[in-house]
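Engineer: This is the content of query12.pdb (PDB, C-alpha atoms and all ligand atoms):
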ATOM      1  CA  MET L   1      33.197 -14.702  93.223
ATOM      2  CA  ALA L   2      33.348 -11.614  95.449
ATOM      3  CA  ARG L   3      30.774  -8.952  94.652
ATOM      4  CA  SER L   4      32.046  -5.796  93.017
ATOM      5  CA  VAL L   5      32.283  -2.871  95.432
ATOM      6  CA  THR L   6      29.932   0.099  95.120
ATOM      7  CA  GLU L   7      30.558   3.213  97.229
ATOM      8  CA  TRP L   8      28.492   6.370  97.632
ATOM      9  CA  VAL L   9      28.753   9.685  99.434
ATOM     10  CA  ASN L  10      26.333  12.555  99.809
ATOM     11  CA  VAL L  11      28.435  15.671  99.151
ATOM     12  CA  THR L  12      25.898  18.477  99.124
ATOM     13  CA  GLY L  13      22.323  18.805 100.320
ATOM     14  CA  ASP L  14      20.849  16.711  97.539
ATOM     15  CA  ILE L  15      23.722  15.400  95.396
ATOM     16  CA  SER L  16      25.388  12.052  96.021
ATOM     17  CA  ILE L  17      28.266  10.505  94.113
ATOM     18  CA  ILE L  18      28.046   6.809  93.401
ATOM     19  CA  ALA L  19      31.068   4.869  92.161
ATOM     20  CA  ARG L  20      31.720   1.279  91.248
ATOM     21  CA  GLU L  21      34.952  -0.654  91.519
ATOM     22  CA  SER L  22      34.844  -1.041  87.719
ATOM     23  CA  GLY L  23      35.302   2.732  87.350
ATOM     24  CA  GLU L  24      31.717   3.806  86.631
ATOM     25  CA  VAL L  25      30.725   7.015  88.416
ATOM     26  CA  TRP L  26      27.428   8.819  88.468
ATOM     27  CA  PHE L  27      25.724  11.608  90.366
ATOM     28  CA  HIS L  28      22.373  11.084  92.019
ATOM     29  CA  THR L  29      20.151  14.044  92.824
ATOM     30  CA  SER L  30      17.543  13.230  95.414
ATOM     31  CA  SER L  31      14.032  14.466  94.847
ATOM     32  CA  GLY L  32      13.774  15.474  98.494
ATOM     33  CA  THR L  33      10.492  13.620  98.916
ATOM     34  CA  LYS L  34       9.762  10.963 101.509
ATOM     35  CA  GLU L  35       9.511   8.408  98.729
ATOM     36  CA  ASP L  36      13.184   8.983  97.906
ATOM     37  CA  VAL L  37      14.455   6.042  99.889
ATOM     38  CA  GLY L  38      16.734   4.394  97.343
ATOM     39  CA  PRO L  39      19.715   2.272  98.312
ATOM     40  CA  PHE L  40      21.921   5.387  98.495
ATOM     41  CA  ALA L  41      19.723   7.377 100.878
ATOM     42  CA  THR L  42      21.636   6.176 103.946
ATOM     43  CA  PRO L  43      25.428   6.487 104.385
ATOM     44  CA  MET L  44      27.524   3.590 103.063
ATOM     45  CA  THR L  45      28.958   1.233 105.652
ATOM     46  CA  GLY L  46      30.914  -1.347 103.626
ATOM     47  CA  ALA L  47      34.575  -1.685 102.674
ATOM     48  CA  GLY L  48      36.134   0.451  99.945
ATOM     49  CA  SER L  49      38.139  -0.458  96.871
ATOM     50  CA  ALA L  50      40.699   1.610  94.967
ATOM     51  CA  GLY L  51      38.506   1.630  91.813
ATOM     52  CA  SER L  52      35.413   2.970  93.545
ATOM     53  CA  THR L  53      37.278   5.289  95.936
ATOM     54  CA  VAL L  54      39.042   7.111  93.094
ATOM     55  CA  GLY L  55      35.650   7.483  91.412
ATOM     56  CA  LEU L  56      34.272   9.209  94.504
ATOM     57  CA  LEU L  57      37.324  11.429  94.974
ATOM     58  CA  ASP L  58      37.506  12.553  91.348
ATOM     59  CA  GLY L  59      33.722  12.869  91.197
ATOM     60  CA  ALA L  60      33.953  15.253  94.174
ATOM     61  CA  LEU L  61      36.657  17.260  92.392
ATOM     62  CA  ASN L  62      34.616  17.524  89.203
ATOM     63  CA  LEU L  63      31.577  18.645  91.129
ATOM     64  CA  GLY L  64      33.579  21.241  93.081
ATOM     65  CA  PHE L  65      35.179  22.591  89.919
ATOM     66  CA  ALA L  66      31.901  22.742  87.999
ATOM     67  CA  GLY L  67      31.675  26.424  88.969
ATOM     68  CA  ILE L  68      34.997  27.483  87.467
ATOM     69  CA  GLU L  69      34.737  29.755  84.509
ATOM     70  CA  LYS L  70      35.606  27.491  81.607
ATOM     71  CA  ARG L  71      37.290  30.205  79.565
ATOM     72  CA  LEU L  72      39.693  30.755  82.439
ATOM     73  CA  ALA L  73      40.456  27.151  83.264
ATOM     74  CA  ARG L  74      43.618  26.837  81.142
ATOM     75  CA  PRO L  75      44.976  30.314  80.545
ATOM     76  CA  ASP L  76      48.225  31.012  78.732
ATOM     77  CA  PRO L  77      50.725  31.709  81.489
ATOM     78  CA  THR L  78      52.302  35.121  81.943
ATOM     79  CA  LEU L  79      55.426  35.831  83.937
ATOM     80  CA  ALA L  80      53.574  38.059  86.404
ATOM     81  CA  GLY L  81      50.948  35.345  86.812
ATOM     82  CA  TYR L  82      53.646  32.756  87.314
ATOM     83  CA  ILE L  83      55.339  34.794  90.052
ATOM     84  CA  VAL L  84      51.966  35.181  91.777
ATOM     85  CA  ALA L  85      51.473  31.411  91.445
ATOM     86  CA  LEU L  86      54.909  30.731  92.958
ATOM     87  CA  ALA L  87      54.047  32.931  95.938
ATOM     88  CA  GLY L  88      50.819  30.909  96.269
ATOM     89  CA  ALA L  89      52.762  27.644  95.967
ATOM     90  CA  TYR L  90      55.038  28.747  98.793
ATOM     91  CA  HIS L  91      52.094  29.506 101.069
ATOM     92  CA  THR L  92      50.297  26.239 100.366
ATOM     93  CA  SER L  93      53.537  24.317 101.114
ATOM     94  CA  VAL L  94      55.282  26.084 103.963
ATOM     95  CA  ASP L  95      53.064  24.831 106.806
ATOM     96  CA  THR L  96      52.168  21.458 105.301
ATOM     97  CA  PRO L  97      54.675  19.256 107.193
ATOM     98  CA  ARG L  98      53.904  20.931 110.531
ATOM     99  CA  ASN L  99      50.145  20.703 109.944
ATOM    100  CA  LEU L 100      50.303  17.058 108.884
ATOM    101  CA  ARG L 101      52.406  16.168 111.944
ATOM    102  CA  ARG L 102      49.882  17.903 114.151
ATOM    103  CA  ALA L 103      47.084  15.799 112.631
ATOM    104  CA  ALA L 104      49.276  12.673 112.932
ATOM    105  CA  SER L 105      49.846  13.174 116.641
ATOM    106  CA  ARG L 106      46.099  13.563 117.101
ATOM    107  CA  PHE L 107      45.518  10.211 115.379
ATOM    108  CA  ASN L 108      48.156   8.604 117.582
ATOM    109  CA  ALA L 109      46.280   9.927 120.610
ATOM    110  CA  LEU L 110      43.039   8.557 119.152
ATOM    111  CA  GLY L 111      44.539   5.072 118.802
ATOM    112  CA  ARG L 112      44.789   5.201 114.996
ATOM    113  CA  PRO L 113      48.498   4.604 114.395
ATOM    114  CA  GLU L 114      47.955   3.616 110.739
ATOM    115  CA  VAL L 115      46.500   7.046 109.927
ATOM    116  CA  ALA L 116      49.263   8.719 111.938
ATOM    117  CA  ALA L 117      51.941   6.758 110.036
ATOM    118  CA  TYR L 118      50.409   7.723 106.684
ATOM    119  CA  LEU L 119      50.328  11.428 107.642
ATOM    120  CA  GLU L 120      53.882  11.360 108.993
ATOM    121  CA  GLU L 121      55.097   9.851 105.741
ATOM    122  CA  ARG L 122      53.308  12.620 103.795
ATOM    123  CA  ALA L 123      54.871  15.211 106.088
ATOM    124  CA  ARG L 124      58.323  13.825 105.226
ATOM    125  CA  GLU L 125      57.562  13.819 101.505
ATOM    126  CA  GLU L 126      56.305  17.402 101.528
ATOM    127  CA  THR L 127      59.246  18.780 103.499
ATOM    128  CA  GLY L 128      61.247  21.376 101.585
ATOM    129  CA  HIS L 129      58.654  22.059  98.873
ATOM    130  CA  ASP L 130      58.309  25.665 100.046
ATOM    131  CA  ARG L 131      62.058  25.984  99.359
ATOM    132  CA  LEU L 132      61.508  24.922  95.751
ATOM    133  CA  ALA L 133      59.129  27.848  95.243
ATOM    134  CA  LEU L 134      61.598  30.252  96.857
ATOM    135  CA  LYS L 135      64.439  28.961  94.676
ATOM    136  CA  ASP L 136      62.302  29.493  91.574
ATOM    137  CA  LEU L 137      61.574  33.072  92.649
ATOM    138  CA  HIS L 138      65.272  33.697  93.248
ATOM    139  CA  ALA L 139      66.115  32.229  89.858
ATOM    140  CA  LEU L 140      63.835  34.876  88.363
ATOM    141  CA  GLY L 141      65.682  37.575  90.303
ATOM    142  CA  VAL L 142      62.774  38.091  92.711
ATOM    143  CA  PRO L 143      63.634  38.328  96.437
ATOM    144  CA  GLY L 144      61.396  35.413  97.363
ATOM    145  CA  GLU L 145      61.501  35.742 101.158
ATOM    146  CA  ARG L 146      60.507  39.384 100.998
ATOM    147  CA  LEU L 147      57.747  38.699  98.502
ATOM    148  CA  VAL L 148      56.117  35.888 100.479
ATOM    149  CA  ALA L 149      56.483  37.760 103.772
ATOM    150  CA  ASN L 150      54.398  40.601 102.339
ATOM    151  CA  PHE L 151      52.136  38.849  99.892
ATOM    152  CA  ILE L 152      49.726  35.955  99.789
ATOM    153  CA  PRO L 153      47.483  35.812  96.711
ATOM    154  CA  GLU L 154      43.927  36.509  97.826
ATOM    155  CA  GLY L 155      42.620  33.450  96.024
ATOM    156  CA  ILE L 156      45.064  31.210  97.919
ATOM    157  CA  LYS L 157      44.479  32.524 101.433
ATOM    158  CA  PRO L 158      41.174  30.681 102.055
ATOM    159  CA  LEU L 159      42.819  27.400 100.998
ATOM    160  CA  CYS L 160      45.638  27.821 103.509
ATOM    161  CA  GLU L 161      43.144  28.701 106.226
ATOM    162  CA  ARG L 162      41.098  25.630 105.379
ATOM    163  CA  PHE L 163      44.083  23.325 105.733
ATOM    164  CA  ASP L 164      45.171  24.912 109.019
ATOM    165  CA  ALA L 165      41.654  24.448 110.388
ATOM    166  CA  LEU L 166      41.299  20.848 109.148
ATOM    167  CA  CYS L 167      44.602  19.748 110.702
ATOM    168  CA  ALA L 168      43.601  21.290 114.028
ATOM    169  CA  GLU L 169      40.257  19.465 114.194
ATOM    170  CA  HIS L 170      39.538  17.000 116.964
ATOM    171  CA  TYR L 171      39.253  14.257 114.325
ATOM    172  CA  PRO L 172      41.367  15.643 111.470
ATOM    173  CA  ILE L 173      40.647  13.084 108.734
ATOM    174  CA  GLY L 174      39.423  15.862 106.399
ATOM    175  CA  CYS L 175      43.022  16.998 105.827
ATOM    176  CA  ILE L 176      43.457  13.961 103.541
ATOM    177  CA  GLY L 177      40.623  15.209 101.300
ATOM    178  CA  TYR L 178      42.226  18.644 101.092
ATOM    179  CA  SER L 179      45.625  17.166 100.197
ATOM    180  CA  TYR L 180      44.065  14.910  97.582
ATOM    181  CA  CYS L 181      42.411  17.932  95.956
ATOM    182  CA  LEU L 182      45.654  19.901  95.670
ATOM    183  CA  GLU L 183      47.830  16.986  94.607
ATOM    184  CA  ARG L 184      45.383  15.608  92.046
ATOM    185  CA  ILE L 185      45.010  19.019  90.405
ATOM    186  CA  ALA L 186      48.809  19.436  90.372
ATOM    187  CA  ALA L 187      49.271  15.993  88.815
ATOM    188  CA  LEU L 188      47.089  17.110  85.878
ATOM    189  CA  LYS L 189      49.766  19.578  84.800
ATOM    190  CA  GLN L 190      51.474  18.299  81.684
ATOM    191  CA  LYS L 191      54.952  18.605  80.244
ATOM    192  CA  THR L 192      53.592  21.183  77.783
ATOM    193  CA  ASP L 193      52.374  23.350  80.697
ATOM    194  CA  ILE L 194      55.933  23.379  82.061
ATOM    195  CA  GLU L 195      57.403  24.131  78.644
ATOM    196  CA  LYS L 196      55.077  27.111  78.270
ATOM    197  CA  VAL L 197      56.339  28.552  81.550
ATOM    198  CA  GLN L 198      59.945  27.744  80.663
ATOM    199  CA  ALA L 199      59.507  29.682  77.429
ATOM    200  CA  LEU L 200      58.530  32.790  79.429
ATOM    201  CA  CYS L 201      61.634  32.679  81.608
ATOM    202  CA  PRO L 202      64.809  34.495  80.597
ATOM    203  CA  ASP L 203      67.314  32.285  78.786
ATOM    204  CA  GLY L 204      69.277  29.927  80.980
ATOM    205  CA  VAL L 205      67.007  30.444  84.012
ATOM    206  CA  ASP L 206      65.611  27.332  85.698
ATOM    207  CA  ALA L 207      62.526  28.530  87.536
ATOM    208  CA  THR L 208      60.274  25.477  87.266
ATOM    209  CA  ARG L 209      61.502  23.307  90.146
ATOM    210  CA  PHE L 210      58.235  23.540  92.070
ATOM    211  CA  LEU L 211      56.107  23.141  88.959
ATOM    212  CA  ARG L 212      58.019  20.068  87.774
ATOM    213  CA  SER L 213      57.748  18.336  91.100
ATOM    214  CA  HIS L 214      54.021  19.262  91.304
ATOM    215  CA  SER L 215      53.044  17.983  87.875
ATOM    216  CA  CYS L 216      52.623  14.714  86.023
ATOM    217  CA  LEU L 217      56.434  14.551  85.807
ATOM    218  CA  GLY L 218      57.044  14.745  89.549
ATOM    219  CA  SER L 219      56.227  13.056  92.817
ATOM    220  CA  GLU L 220      52.564  14.122  92.811
ATOM    221  CA  VAL L 221      51.492  11.180  90.672
ATOM    222  CA  ALA L 222      52.850   8.704  93.235
ATOM    223  CA  HIS L 223      51.364  10.751  96.099
ATOM    224  CA  VAL L 224      47.938  10.622  94.460
ATOM    225  CA  GLU L 225      48.155   6.855  93.908
ATOM    226  CA  GLU L 226      49.258   6.222  97.483
ATOM    227  CA  THR L 227      46.447   8.387  98.803
ATOM    228  CA  ILE L 228      43.810   6.516  96.786
ATOM    229  CA  GLU L 229      45.067   3.169  98.130
ATOM    230  CA  PHE L 230      45.134   4.508 101.660
ATOM    231  CA  VAL L 231      41.690   6.135 101.551
ATOM    232  CA  ALA L 232      40.212   2.923 100.086
ATOM    233  CA  SER L 233      41.512   1.040 103.137
ATOM    234  CA  LEU L 234      39.781   3.341 105.635
ATOM    235  CA  PRO L 235      36.453   2.654 107.339
ATOM    236  CA  ALA L 236      33.353   3.970 105.538
ATOM    237  CA  THR L 237      32.807   6.909 107.910
ATOM    238  CA  ASP L 238      36.354   8.161 107.187
ATOM    239  CA  ARG L 239      35.986   7.701 103.433
ATOM    240  CA  ILE L 240      32.772   9.698 103.498
ATOM    241  CA  ARG L 241      34.440  12.563 105.345
ATOM    242  CA  VAL L 242      37.490  12.542 103.030
ATOM    243  CA  VAL L 243      35.318  12.692  99.901
ATOM    244  CA  GLN L 244      33.166  15.473 101.372
ATOM    245  CA  GLU L 245      36.291  17.488 102.169
ATOM    246  CA  THR L 246      37.716  16.892  98.703
ATOM    247  CA  TYR L 247      34.531  18.520  97.405
ATOM    248  CA  GLU L 248      34.708  21.440  99.861
ATOM    249  CA  SER L 249      38.387  22.072  99.082
ATOM    250  CA  ALA L 250      37.695  21.943  95.338
ATOM    251  CA  LEU L 251      34.964  24.573  95.780
ATOM    252  CA  ILE L 252      37.393  26.853  97.630
ATOM    253  CA  MET L 253      40.138  26.232  95.071
ATOM    254  CA  ALA L 254      37.793  26.913  92.133
ATOM    255  CA  GLU L 255      36.689  30.171  93.732
ATOM    256  CA  GLY L 256      40.354  31.126  94.198
ATOM    257  CA  TYR L 257      41.094  30.334  90.554
ATOM    258  CA  ASN L 258      38.217  32.505  89.395
ATOM    259  CA  HIS L 259      39.419  35.316  91.627
ATOM    260  CA  GLU L 260      43.080  35.225  90.579
ATOM    261  CA  LEU L 261      42.491  34.542  86.904
ATOM    262  CA  LEU L 262      40.239  37.536  86.499
ATOM    263  CA  LYS L 263      43.092  39.894  87.332
ATOM    264  CA  SER L 264      44.875  41.597  84.481
ATOM    265  CA  GLU L 265      48.630  41.348  84.136
ATOM    266  CA  THR L 266      48.889  45.025  85.095
ATOM    267  CA  GLU L 267      46.995  44.423  88.328
ATOM    268  CA  MET L 268      49.227  41.484  89.162
ATOM    269  CA  LEU L 269      52.384  43.466  88.486
ATOM    270  CA  GLU L 270      51.118  46.247  90.734
ATOM    271  CA  GLU L 271      50.384  43.791  93.535
ATOM    272  CA  LEU L 272      53.848  42.256  93.243
ATOM    273  CA  GLN L 273      55.642  45.573  93.134
ATOM    274  CA  GLN L 274      53.704  46.865  96.096
ATOM    275  CA  ALA L 275      54.627  43.759  98.108
ATOM    276  CA  LEU L 276      58.288  44.032  97.145
ATOM    277  CA  GLY L 277      58.471  47.775  97.629
ATOM    278  CA  GLU L 278      60.342  48.021  94.334
ATOM    279  CA  ALA L 279      59.939  47.246  90.677
ATOM    280  CA  LEU L 280      60.485  43.715  89.467
ATOM    281  CA  PRO L 281      63.921  43.082  87.946
ATOM    282  CA  TYR L 282      64.195  44.980  84.690
ATOM    283  CA  ARG L 283      64.184  41.983  82.417
ATOM    284  CA  LEU L 284      61.019  40.647  84.085
ATOM    285  CA  GLY L 285      59.176  43.920  84.509
ATOM    286  CA  SER L 286      60.011  45.229  81.067
ATOM    287  CA  TYR L 287      57.702  43.011  79.071
ATOM    288  CA  PRO L 288      54.545  44.715  77.816
ATOM    289  CA  SER L 289      52.243  45.181  80.774
ATOM    290  CA  HIS L 290      49.673  47.477  79.252
ATOM    291  CA  GLY L 291      47.529  44.744  77.754
ATOM    292  CA  GLU L 292      44.615  43.033  79.371
ATOM    293  CA  LYS L 293      46.202  39.632  79.216
ATOM    294  CA  ARG L 294      45.001  37.535  82.117
ATOM    295  CA  GLY L 295      46.535  34.482  83.514
ATOM    296  CA  ALA L 296      47.716  33.864  87.043
ATOM    297  CA  ARG L 297      47.320  30.197  87.554
ATOM    298  CA  PRO L 298      47.330  29.377  91.253
ATOM    299  CA  ALA L 299      49.810  26.563  91.715
ATOM    300  CA  ALA L 300      48.720  23.778  93.980
TER     301      ALA L 300
HETATM  302 FE    FE N 401      54.332  19.319  97.599
HETATM  303 FE    FE N 402      52.744  16.063  97.156
END
Transcribe the structure of this file into structure tokens.
Ligand SMILES: [Fe+2]
Ligand SMILES: [Fe+2]
Structural biologist:
Amino acid sequence: MARSVTEWVNVTGDISIIARESGEVWFHTSSGTKEDVGPFATPMTGAGSAGSTVGLLDGALNLGFAGIEKRLARPDPTLAGYIVALAGAYHTSVDTPRNLRRAASRFNALGRPEVAAYLEERAREETGHDRLALKDLHALGVPGERLVANFIPEGIKPLCERFDALCAEHYPIGCIGYSYCLERIAALKQKTDIEKVQALCPDGVDATRFLRSHSCLGSEVAHVEETIEFVASLPATDRIRVVQETYESALIMAEGYNHELLKSETEMLEELQQALGEALPYRLGSYPSHGEKRGARPAA
């Protein structure tokens, strides 16, 4: 009988994630002494498996998100927060196909057509997602193009910059870790999360196209599954880099969440109105904005 696969990756100075094909995952903190020469002290070199690879990827996400303020992790949505999130969703989507194709052509040049083919397929699947966010903004009566031209949520900007930089690297395998982070977090969104947003929207308005497609109801679930299978098939050095980048992207995303979620609804409304150069449509801007309700939830 074939031996069960165990994979491990060192993600920070002293923390490694260890995952078994059976689904067990644990974190190992090295003591930093010379005696610390356990089996996980050197990088893994063997083949991956879907069961152990998903353990590493989700372990990296959990570790990266450990710093998020728990009380803010699942806020009640507000309309202002949702509009901010849609602007963020636009910015994290608009350059994705172009960036992925750039990384794909690099892998073609490097003689890795299987990685290139995977990235080109993702580029096709992600095409038009920025339009979904714009349509949602329009449905709410917000001039989406003008908003996104003048406004990128501060907590989202570092994520976009990270992805741009990863796709432009000489060996851009890290972009898969970034994409996994965003898609896995999106796939955690439940039907009830969408219903809560729907309840905030004026009657008869469908403004959850992006959210639906980037939730457990949409294509993200399949994207996540395909990515796990693909990452598991990669050589160990690539898997290590992908898991490390999943961790780094999760850290950046968690910091962005903390930043955006700490804003009050009034602050968010002010930001939006400043970017638009006018007040939000009456029926959106007329809800009570004097409270200290918080709740922009950056959309992946
Ligand atoms: Fe997408
Ligand atoms: Fe996706």
Engineer: Determine, using all atoms listed in the file, which residues of range 52-145 of chain L have any atom at most 9 Å from an atom of range 159-180 of chain L, and tabulate each with its shortest atom pair and distance in Å to one decimal place, rows ordered by chain and then rising number, as a tab-separated table.
Structural biologist:
residue	atom	partner	partner_atom	distance
L:Leu57	CA	L:Tyr180	CA	8.0
L:His91	CA	L:Cys160	CA	7.1
L:Thr92	CA	L:Cys160	CA	5.8
L:Ser93	CA	L:Cys160	CA	9.0
L:Asp95	CA	L:Asp164	CA	8.2
L:Thr96	CA	L:Phe163	CA	8.3
L:Asn99	CA	L:Cys167	CA	5.7
L:Leu100	CA	L:Cys167	CA	6.6
L:Arg101	CA	L:Cys167	CA	8.7
L:Arg102	CA	L:Cys167	CA	6.6
L:Ala103	CA	L:Cys167	CA	5.0
L:Ala104	CA	L:Pro172	CA	8.6
L:Arg106	CA	L:His170	CA	7.4
L:Phe107	CA	L:Tyr171	CA	7.5
L:Leu110	CA	L:Tyr171	CA	8.4
L:Val115	CA	L:Ile173	CA	8.5
L:Leu119	CA	L:Ile176	CA	8.4
Engineer: Go ahead and fit an axis-aligned box to every listed atom of range 182-200 of chain L plus 4 Å each side, and pass me the centre and edge lengths in Å, one decimal, as lines of an AutoDock Vina configuration file.
Structural biologist:
center_x = 52.5
center_y = 24.2
center_z = 86.5
size_x = 22.9
size_y = 25.2
size_z = 26.2
Engineer: So what do you get for CA of Leu251 in chain L versus CA of Asn62 in chain L, distance-wise?
Structural biologist: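 Atom-to-atom, CA of Leu251 in chain L and CA of Asn62 in chain L are spaced 9.6 Å apart.
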Engineer: Select, from L:Val231, L:Ile194, L:Leu63, L:Leu147, the residue with the minimum atom-to-atom distance to Ser213 in chain L, counting all atoms listed in the file.
Structural biologist: L:Ile194
Engineer: Once the PyMOL selection byres (((not hetatm)) within 8 of (chain N and resi 402)) has been applied to the shown file, what residues remain in the selection, as a VMD selection string?
Structural biologist: chain L and resid 122 125 to 126 179 183 214 219 to 220 223 to 224
Engineer: Env of Asp130 in chain L: 8 Å cut, atoms = all atoms listed in the file, seq-sep filter 3 positions within chain, self excluded. Answer as a compact mmCIF listing (two decimals) with C-alpha atoms, in the frame of the given file.
Structural biologist:
# COMPACT_ATOMS: atom_id res chain seq x y z
CA ALA L 89 52.76 27.64 95.97
CA TYR L 90 55.04 28.75 98.79
CA HIS L 91 52.09 29.51 101.07
CA SER L 93 53.54 24.32 101.11
CA VAL L 94 55.28 26.08 103.96
CA THR L 127 59.25 18.78 103.50
CA ALA L 133 59.13 27.85 95.24
CA LEU L 134 61.60 30.25 96.86
Engineer: Specify as an MDAnalysis selection string each residue included when the PyMOL selection byres (((chain L and resi 50-55) around 6) and not hetatm) is applied to this file.
Structural biologist: chainID L and resid 19:21 23 25 49 56:59 229 232
Engineer: Given all atoms listed in the file as the basis, pick out the residue of L:Leu79, L:Ile240, L:Leu261, L:Val9 nearest to Pro202 in chain L.
Structural biologist: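 Counting all atoms listed in the file, the residue closest to Pro202 in chain L is L:Leu79.
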Engineer: Any chance you could work out the residue set of the PyMOL selection byres (((chain L and resi 280) around 12) and not hetatm) here, as number ranges by chain?
Structural biologist: L: 79-80, 83, 137-138, 140-144, 147, 268-279, 281-287
Engineer: Between L:Pro77, L:Gly46, L:Pro113, L:Gly13, which residue has the minimum interatomic distance to Ser30 in chain L, considering only C-alpha atoms?
Structural biologist: L:Gly13
Engineer: How many Å separate CA of Glu255 in chain L from CA of Val242 in chain L?
Structural biologist: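 We find that CA of Glu255 in chain L and CA of Val242 in chain L lie 19.9 Å from each other.
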Engineer: Given only C-alpha atoms as the basis, pick out the residue of L:Thr12, L:Glu121, L:Glu195, L:Val84 nearest to Glu226 in chain L.
Structural biologist: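 Selected residue with least distance to Glu226 in chain L: L:Glu121.
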Engineer: Kindly indicate which residue among L:Tyr82, L:Asn10, L:Arg239, L:His129 lies nearest to Pro97 in chain L, using only C-alpha atoms for the distances.
Structural biologist: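 Closest to Pro97 in chain L, using only C-alpha atoms: L:His129.
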Engineer: Given the choices L:Gln190, L:Thr78, L:Ser215, L:Thr6, which gets closest to ligand FE 401 (chain N) if the distance is worked out from all atoms listed in the file?
Structural biologist: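 When distances to ligand FE 401 (chain N) are compared using all atoms listed in the file, the smallest one comes from L:Ser215.
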Engineer: So the first atom is CA of Gly218 in chain L and the second is CA of Ala149 in chain L; what is the distance between them in Å, to one decimal place?
Structural biologist: 27.1 Å
Engineer: Name the residues within 6 Å of (36.9, 16.3, 95.2), counting only C-alpha atoms in the file's coordinates, and put them as a VMD selection string.
Structural biologist: chain L and resid 57 to 58 60 to 61 181 246 to 247 250
Engineer: Take the selection from the previous step and output its residues with C-alpha atoms, as a PDB file, keeping the file's coordinate frame.
Structural biologist:
ATOM      1  CA  LEU L  57      37.324  11.429  94.974  1.00  0.00           C
ATOM      2  CA  ASP L  58      37.506  12.553  91.348  1.00  0.00           C
ATOM      3  CA  ALA L  60      33.953  15.253  94.174  1.00  0.00           C
ATOM      4  CA  LEU L  61      36.657  17.260  92.392  1.00  0.00           C
ATOM      5  CA  CYS L 181      42.411  17.932  95.956  1.00  0.00           C
ATOM      6  CA  THR L 246      37.716  16.892  98.703  1.00  0.00           C
ATOM      7  CA  TYR L 247      34.531  18.520  97.405  1.00  0.00           C
ATOM      8  CA  ALA L 250      37.695  21.943  95.338  1.00  0.00           C
TER       9      ALA L 250
END
Engineer: How would range 272-282 of chain L read, as an mmCIF file, keeping the file's coordinate frame, once N, CA, C and O atoms are built in?
Structural biologist:
data_model
loop_
_atom_site.group_PDB
_atom_site.id
_atom_site.type_symbol
_atom_site.label_atom_id
_atom_site.label_comp_id
_atom_site.auth_asym_id
_atom_site.auth_seq_id
_atom_site.Cartn_x
_atom_site.Cartn_y
_atom_site.Cartn_z
ATOM 1 N N LEU L 272 52.500 42.782 92.960
ATOM 2 C CA LEU L 272 53.848 42.256 93.243
ATOM 3 C C LEU L 272 54.794 43.383 93.629
ATOM 4 O O LEU L 272 55.570 43.271 94.581
ATOM 5 N N GLN L 273 54.712 44.467 92.888
ATOM 6 C CA GLN L 273 55.642 45.573 93.134
ATOM 7 C C GLN L 273 55.348 46.250 94.466
ATOM 8 O O GLN L 273 56.257 46.670 95.167
ATOM 9 N N GLN L 274 54.079 46.299 94.799
ATOM 10 C CA GLN L 274 53.704 46.865 96.096
ATOM 11 C C GLN L 274 54.263 45.984 97.226
ATOM 12 O O GLN L 274 54.809 46.485 98.205
ATOM 13 N N ALA L 275 54.141 44.678 97.067
ATOM 14 C CA ALA L 275 54.627 43.759 98.108
ATOM 15 C C ALA L 275 56.144 43.835 98.242
ATOM 16 O O ALA L 275 56.692 43.749 99.338
ATOM 17 N N LEU L 276 56.823 44.006 97.125
ATOM 18 C CA LEU L 276 58.288 44.032 97.145
ATOM 19 C C LEU L 276 58.829 45.405 97.541
ATOM 20 O O LEU L 276 59.974 45.531 97.968
ATOM 21 N N GLY L 277 58.012 46.417 97.354
ATOM 22 C CA GLY L 277 58.471 47.775 97.629
ATOM 23 C C GLY L 277 59.423 48.277 96.565
ATOM 24 O O GLY L 277 60.148 49.239 96.779
ATOM 25 N N GLU L 278 59.472 47.598 95.442
ATOM 26 C CA GLU L 278 60.342 48.021 94.334
ATOM 27 C C GLU L 278 59.823 47.362 93.051
ATOM 28 O O GLU L 278 58.997 46.443 93.102
ATOM 29 N N ALA L 279 60.340 47.839 91.951
ATOM 30 C CA ALA L 279 59.939 47.246 90.677
ATOM 31 C C ALA L 279 60.538 45.848 90.553
ATOM 32 O O ALA L 279 61.544 45.529 91.196
ATOM 33 N N LEU L 280 59.915 45.036 89.753
ATOM 34 C CA LEU L 280 60.485 43.715 89.467
ATOM 35 C C LEU L 280 61.777 43.913 88.689
ATOM 36 O O LEU L 280 61.972 44.956 88.072
ATOM 37 N N PRO L 281 62.679 42.936 88.725
ATOM 38 C CA PRO L 281 63.921 43.082 87.946
ATOM 39 C C PRO L 281 63.608 43.504 86.519
ATOM 40 O O PRO L 281 62.629 43.024 85.937
ATOM 41 N N TYR L 282 64.469 44.355 85.987
ATOM 42 C CA TYR L 282 64.195 44.980 84.690
ATOM 43 C C TYR L 282 63.757 43.969 83.637
ATOM 44 O O TYR L 282 62.759 44.127 82.965
#
